>>> print(open('upload36.txt').read())   # compact mmCIF, C-alpha atoms
# COMPACT_ATOMS: atom_id res chain seq x y z
CA GLN N 1 84.34 118.45 188.30
CA THR N 2 84.97 119.56 184.70
CA SER N 3 83.74 123.05 183.90
CA PRO N 4 81.79 123.69 180.69
CA HIS N 5 84.73 125.71 179.40
CA ASN N 6 87.21 122.85 179.97
CA PHE N 7 84.73 120.34 178.56
CA CYS N 8 84.51 122.33 175.34
CA LYS N 9 88.31 122.51 175.13
CA ILE N 10 88.61 118.74 175.62
CA THR N 11 85.93 118.11 172.97
CA MET N 12 87.72 120.34 170.46
CA MET N 13 91.04 118.61 171.16
CA LEU N 14 89.46 115.18 170.60
CA ARG N 15 87.93 116.33 167.33
CA ALA N 16 91.28 117.73 166.17
CA PHE N 17 92.96 114.45 167.10
CA ALA N 18 90.33 112.45 165.20
CA LEU N 19 90.79 114.66 162.12
CA CYS N 20 94.53 113.97 162.24
CA LEU N 21 94.06 110.23 162.87
CA PHE N 22 91.52 109.59 160.10
CA PRO N 23 93.88 110.34 157.17
CA LEU N 24 96.56 108.22 158.85
CA LEU N 25 94.21 105.24 159.16
CA SER N 26 93.12 105.70 155.55
CA LEU N 27 96.75 105.73 154.46
CA VAL N 28 97.45 102.50 156.35
CA LYS N 29 94.38 100.88 154.80
CA LEU N 30 95.42 101.99 151.31
CA SER N 31 98.96 100.76 151.90
CA ASN N 32 97.70 97.34 152.95
CA ALA N 33 95.46 97.15 149.88
CA PHE N 34 98.40 98.04 147.64
CA ILE N 35 100.60 95.41 149.25
CA LEU N 36 97.85 92.83 148.81
CA SER N 37 97.30 93.76 145.16
CA GLU N 38 101.01 93.49 144.42
CA THR N 39 101.53 90.19 146.22
CA ASN N 40 103.08 87.77 143.77
CA PHE N 41 101.69 84.32 143.05
CA GLY N 42 104.17 82.92 140.56
CA GLY N 43 104.64 86.35 138.97
CA LEU N 44 100.94 87.32 139.22
CA THR N 45 99.32 90.04 141.27
CA ASN N 46 96.46 89.06 143.55
CA TYR N 47 93.96 90.43 141.01
CA GLN N 48 95.47 88.46 138.13
CA HIS N 49 95.57 85.39 140.35
CA GLN N 50 91.83 85.76 141.02
CA ILE N 51 91.18 86.01 137.28
CA LEU N 52 93.10 82.80 136.66
CA GLU N 53 91.21 81.01 139.43
CA GLN N 54 87.97 82.17 137.83
CA GLN N 55 89.21 80.98 134.43
CA SER N 56 90.05 77.53 135.82
CA ARG N 57 86.63 77.21 137.45
CA LEU N 58 84.85 78.27 134.27
CA VAL N 59 86.83 75.81 132.15
CA LEU N 60 86.10 72.95 134.55
CA ASP N 61 82.42 73.91 134.76
CA ALA N 62 82.26 74.07 130.97
CA LYS N 63 83.74 70.59 130.68
CA LYS N 64 80.99 69.25 132.95
CA GLY N 65 78.15 71.15 131.33
CA ASN N 66 79.12 71.16 127.66
CA LYS N 67 79.92 67.52 127.00
CA ASN N 68 77.09 67.22 124.51
CA LYS N 69 77.17 70.81 123.23
CA LYS N 70 79.09 72.65 120.50
CA ARG N 71 81.02 70.87 117.78
CA ALA N 72 82.06 67.58 119.28
CA SER N 73 85.62 66.86 120.31
CA THR N 74 87.13 64.08 118.22
CA ALA N 75 89.11 62.77 121.17
CA GLY N 76 86.81 59.97 122.31
CA PHE N 77 87.98 56.89 124.14
CA GLY N 78 87.00 54.43 121.36
CA GLY N 79 89.24 54.62 118.30
CA ALA N 80 91.38 57.23 120.03
CA ALA N 81 92.85 54.51 122.23
CA VAL N 82 94.77 53.11 119.25
CA GLU N 83 94.73 56.11 116.91
CA GLU N 84 98.16 57.68 116.39
CA CYS N 85 98.61 61.00 118.17
CA PRO N 86 98.46 64.11 115.92
CA CYS N 87 101.67 65.47 117.45
CA GLY N 88 103.69 62.96 115.43
CA SER N 89 105.26 61.13 118.39
CA GLY N 90 104.21 57.77 116.94
CA ASN N 91 102.40 56.86 120.16
CA PRO N 92 98.66 56.20 120.49
CA TYR N 93 96.71 59.36 121.21
CA MET N 94 95.46 58.24 124.65
CA LYS N 95 99.00 57.31 125.69
CA CYS N 96 100.36 60.66 124.52
CA CYS N 97 98.57 64.02 124.31
CA GLY N 98 95.20 62.47 125.14
CA LYS N 99 96.36 61.89 128.70
CA LEU N 100 96.97 65.62 129.19
CA HIS N 101 93.64 66.50 127.58
CA LYS N 102 91.67 64.17 129.84
CA ASP N 103 93.67 63.95 133.07
CA GLU N 104 94.45 67.03 135.19
CA LYS N 105 97.18 65.19 137.11
CA ALA N 106 98.89 64.11 133.89
CA TYR N 107 98.82 67.71 132.67
CA ALA N 108 100.23 69.01 135.97
CA ALA N 109 103.15 66.57 135.75
CA ALA N 110 103.91 67.30 132.06
CA THR N 111 107.04 69.01 130.78
CA CYS N 112 106.90 72.10 128.57
CA GLU N 113 107.58 69.94 125.51
CA GLN N 114 104.63 67.72 126.35
CA VAL N 115 102.39 70.77 126.81
CA VAL N 116 103.45 72.09 123.40
CA ARG N 117 102.57 68.76 121.81
CA ALA N 118 99.27 68.62 123.70
CA ARG N 119 98.30 72.14 122.60
CA TYR N 120 99.11 71.24 118.97
CA SER N 121 97.01 68.07 119.25
CA ALA N 122 94.24 70.01 120.97
CA TYR N 123 93.65 71.94 117.73
CA ALA N 124 93.47 68.68 115.79
CA LYS N 125 91.09 67.13 118.33
CA ARG N 126 89.05 70.27 119.02
CA GLU N 127 89.97 70.16 122.72
CA ILE N 128 89.15 73.85 123.10
CA ASP N 129 88.94 73.78 126.88
CA PHE N 130 92.49 72.46 127.06
CA ILE N 131 93.75 75.28 124.81
CA ILE N 132 92.09 77.83 127.10
CA GLY N 133 93.06 76.11 130.33
CA SER N 134 96.73 75.85 129.38
CA THR N 135 97.06 79.57 128.53
CA HIS N 136 98.73 81.91 131.01
CA PRO N 137 96.58 84.90 132.10
CA LEU N 138 99.40 87.26 131.11
CA ASN N 139 99.35 85.94 127.55
CA LYS N 140 98.31 88.76 125.18
CA ASP N 141 95.48 86.61 123.78
CA PHE N 142 94.03 85.75 127.18
CA MET N 143 90.33 86.61 127.51
CA THR N 144 88.37 86.86 130.75
CA ASP N 145 85.18 86.22 128.77
CA ILE N 146 85.73 82.47 128.48
CA GLU N 147 82.61 81.75 126.42
CA HIS N 148 83.55 84.37 123.81
CA TRP N 149 87.11 83.03 123.76
CA ARG N 150 85.81 79.51 123.24
CA LYS N 151 83.74 80.65 120.26
CA GLN N 152 86.76 82.44 118.76
CA ILE N 153 88.86 79.28 118.94
CA ASP N 154 85.97 77.19 117.66
CA MET N 155 85.85 79.35 114.51
CA ASN N 156 89.63 79.21 114.01
CA CYS N 157 90.57 75.65 114.88
CA TYR N 158 92.49 74.69 111.70
CA ASP N 159 89.53 72.60 110.51
CA ASN N 160 90.64 72.78 106.89
CA PHE N 161 94.09 71.38 107.75
CA LEU N 162 95.51 67.99 108.61
CA LEU N 163 97.73 68.33 111.68
CA LYS N 164 100.23 65.50 111.67
CA SER N 165 103.55 66.69 113.09
CA CYS N 166 104.90 68.86 115.88
CA GLU N 167 108.68 68.61 115.68
CA ILE N 168 110.49 69.72 118.84
CA LEU N 169 113.78 71.46 118.07
CA ASN N 170 114.84 72.55 121.54
CA GLU N 171 113.63 72.62 125.15
CA SER N 172 115.28 74.58 127.96
CA TYR N 173 114.60 75.81 131.51
CA GLU N 174 115.98 78.62 133.66
CA GLY N 175 115.38 79.81 137.20
CA GLU N 176 114.06 77.90 140.19
CA GLY N 177 110.80 77.53 142.07
CA VAL N 178 108.06 80.02 141.14
CA GLU N 179 110.61 81.95 139.06
CA GLU N 180 111.37 78.98 136.79
CA LYS N 181 110.58 79.48 133.11
CA GLY N 182 110.52 77.04 130.24
CA THR N 183 111.18 77.60 126.54
CA VAL N 184 110.37 75.26 123.66
CA GLN N 185 111.23 75.78 120.01
CA PHE N 186 109.25 73.65 117.57
CA VAL N 187 108.05 73.37 113.99
CA ALA N 188 104.33 72.75 113.48
CA THR N 189 103.45 71.16 110.14
CA MET N 190 100.01 71.13 108.50
CA ILE N 191 98.59 70.04 105.17
CA GLN N 192 95.72 71.91 103.52
CA LYS N 193 92.95 69.33 103.04
CA ASP N 194 91.80 70.47 99.60
CA SER N 195 94.98 71.61 97.88
CA LYS N 196 97.35 69.29 99.82
CA GLU N 197 99.65 72.30 100.13
CA LYS N 198 102.29 72.01 102.86
CA THR N 199 102.16 74.71 105.51
CA ALA N 200 104.43 75.12 108.52
CA PHE N 201 105.73 77.61 111.02
CA MET N 202 108.43 77.64 113.66
CA GLU N 203 107.59 79.00 117.09
CA THR N 204 109.61 79.69 120.21
CA SER N 205 107.14 79.34 123.08
CA SER N 206 107.60 80.55 126.65
CA PHE N 207 105.97 78.85 129.62
CA GLU N 208 105.47 79.85 133.24
CA ARG N 209 103.62 78.45 136.23
CA ALA N 210 101.07 80.39 138.27
CA GLY N 211 101.34 78.59 141.60
CA LYS N 212 100.46 75.14 142.88
CA GLN N 213 96.84 76.10 143.43
CA ILE N 214 96.33 76.86 139.71
CA ARG N 215 96.05 73.76 137.53
CA ASN N 216 98.13 71.97 140.19
CA GLY N 217 101.20 73.97 139.20
CA ALA N 218 101.11 73.02 135.51
CA TRP N 219 103.06 74.89 132.85
CA LEU N 220 101.00 77.62 131.15
CA TYR N 221 101.61 79.08 127.70
CA ARG N 222 102.92 82.63 128.28
CA SER N 223 103.95 83.84 124.81
CA GLY N 224 105.30 82.77 121.44
CA VAL N 225 107.44 84.14 118.62
CA VAL N 226 106.50 82.75 115.19
CA GLU N 227 108.99 82.54 112.30
CA PRO N 228 109.29 80.73 108.97
CA PRO N 229 110.73 77.23 109.41
CA PRO N 230 114.46 77.14 108.55
CA GLY N 231 115.50 75.34 105.39
CA ARG N 232 111.95 74.67 104.24
CA GLU N 233 111.39 77.10 101.41
CA ASP N 234 108.48 75.01 100.06
CA TYR N 235 106.55 75.61 103.28
CA ARG N 236 104.86 78.83 104.33
CA ILE N 237 103.33 80.28 107.48
CA PRO N 238 99.51 79.93 107.52
CA ASP N 239 97.67 83.24 107.62
CA ASP N 240 94.20 84.15 108.91
CA GLU N 241 92.55 83.20 105.63
CA ASP N 242 94.04 79.73 105.83
CA VAL N 243 92.69 79.19 109.31
CA SER N 244 89.22 80.60 108.72
CA ILE N 245 86.84 78.31 106.85
CA ASP N 246 84.54 81.22 106.05
CA ALA N 247 87.40 83.23 104.57
CA ALA N 248 88.45 80.30 102.41
CA GLU N 249 84.92 79.86 101.12
CA GLU N 250 84.60 83.57 100.35
CA LYS N 251 87.87 83.47 98.45
CA ALA N 252 86.65 80.52 96.36
CA THR N 253 83.39 82.32 95.62
CA GLU N 254 85.18 85.45 94.46
CA SER N 255 87.42 83.53 92.06
CA SER N 256 84.54 81.58 90.46
>>> encode(input="upload36.txt", output="structure tokens")
Amino acid sequence: QTSPHNFCKITMMLRAFALCLFPLLSLVKLSNAFILSETNFGGLTNYQHQILEQQSRLVLDAKKGNKNKKRASTAGFGGAAVEECPCGSGNPYMKCCGKLHKDEKAYAAATCEQVVRARYSAYAKREIDFIIGSTHPLNKDFMTDIEHWRKQIDMNCYDNFLLKSCEILNESYEGEGVEEKGTVQFVATMIQKDSKEKTAFMETSSFERAGKQIRNGAWLYRSGVVEPPPGREDYRIPDDEDVSIDAAEEKATESS
């Protein structure tokens, strides 16, 4: 039979053991959480991966719920079936970039060059959800507030330009599997609708995937370096005033 004195000693020993064990269990729990947060999914942490999944769901939900809202996309299935694609490939829109805009499987199977062309055409066709959905979550312009991001693009969608040519200069790949990266260098050409002034820029775009479960493993726009196009002194890089209709109208008002 345990005496009260021994019982008290045993109780104190158990409490001391528990006090030593609790920090150890907390440390193990914290370590597991850290490992989980740093788990890579195509270069993304678990948290970033969750953001991208949320982004994909919001974009898909928006496509279902906003078909008759906001400024209409000009990429319908009527005249677009025979209309030449804005990217300048010479192919009909729905047999070129239109396939990527409308078909998730076609986008997932596309090369980096095709994604570049499709993103260029998306500005011409006001396919805002494609622009958002093809952007990597580590891109500096990525926004978790999808609706606000959509409005920002809607206000700066090159409406006062004719987009007629996306000339691919170079396409390359390096790495394998989830580490593979793609690079595309291209010249985007635009014509100001009112002045007919030629405008162009050269960009070197980087693409990465974010795992098979995100957009079926499609290439996502990671970053871009913009430069003046070589050997085209009569062209210039468009600035914010060129892109913004409101800014252009304010400029015209000030000069009158």
>>> atom_distance(input="upload36.txt", atom1="CA of Leu162 (chain N)", atom2="CA of Ala218 (chain N)")
27.9 Å
>>> closest_atom_pairs(input="upload36.txt", of="region 137-170 of chain N", to="region 186-200 of chain N", cutoff="8 Å", atoms="all atoms listed in the file", output="tab-separated table")
residue	atom	partner	partner_atom	distance
N:Asn160	CA	N:Lys193	CA	5.7
N:Phe161	CA	N:Gln192	CA	4.6
N:Leu162	CA	N:Ile191	CA	5.1
N:Leu163	CA	N:Met190	CA	4.8
N:Lys164	CA	N:Met190	CA	6.5
N:Ser165	CA	N:Thr189	CA	5.4
N:Cys166	CA	N:Ala188	CA	4.6
N:Glu167	CA	N:Val187	CA	5.1
N:Ile168	CA	N:Phe186	CA	4.3
N:Leu169	CA	N:Phe186	CA	5.1
N:Asn170	CA	N:Phe186	CA	6.9
>>> residues_around(input="upload36.txt", residues="Lys140 (chain N)", least_positions_apart="6", cutoff="12 Å", atoms="all atoms listed in the file", output="JSON, numbers by chain")
{"N": [221, 222, 223, 224]}
>>> write_last_selection(input="upload36.txt", atoms="C-alpha atoms", output="PDB file, in the coordinates of the input")
ATOM      1  CA  TYR N 221     101.610  79.080 127.700  1.00  0.00           C
ATOM      2  CA  ARG N 222     102.920  82.630 128.280  1.00  0.00           C
ATOM      3  CA  SER N 223     103.950  83.840 124.810  1.00  0.00           C
ATOM      4  CA  GLY N 224     105.300  82.770 121.440  1.00  0.00           C
TER       5      GLY N 224
END
>>> closest_residue(input="upload36.txt", among="N:Met202, N:Ala118, N:Val226, N:Cys96", to="Ser134 (chain N)", atoms="only C-alpha atoms")
N:Ala118
>>> closest_residue(input="upload36.txt", among="N:Tyr107, N:Tyr173, N:Phe142, N:Tyr120", to="Glu203 (chain N)", atoms="all atoms listed in the file")
N:Tyr120
>>> atom_distance(input="upload36.txt", atom1="CA of Lys212 (chain N)", atom2="CA of His136 (chain N)")
13.8 Å
>>> atom_distance(input="upload36.txt", atom1="CA of Ile132 (chain N)", atom2="CA of Trp219 (chain N)")
12.7 Å
>>> axis_aligned_box(input="upload36.txt", around="region 193-211 of chain N", padding_each_side="8 Å", output="lines of an AutoDock Vina configuration file")
center_x = 100.7
center_y = 74.9
center_z = 119.7
size_x = 33.8
size_y = 27.3
size_z = 59.7
>>> closest_residue(input="upload36.txt", among="N:Gln185, N:Trp149, N:Tyr158, N:Thr135", to="Glu227 (chain N)", atoms="all atoms listed in the file")
N:Gln185
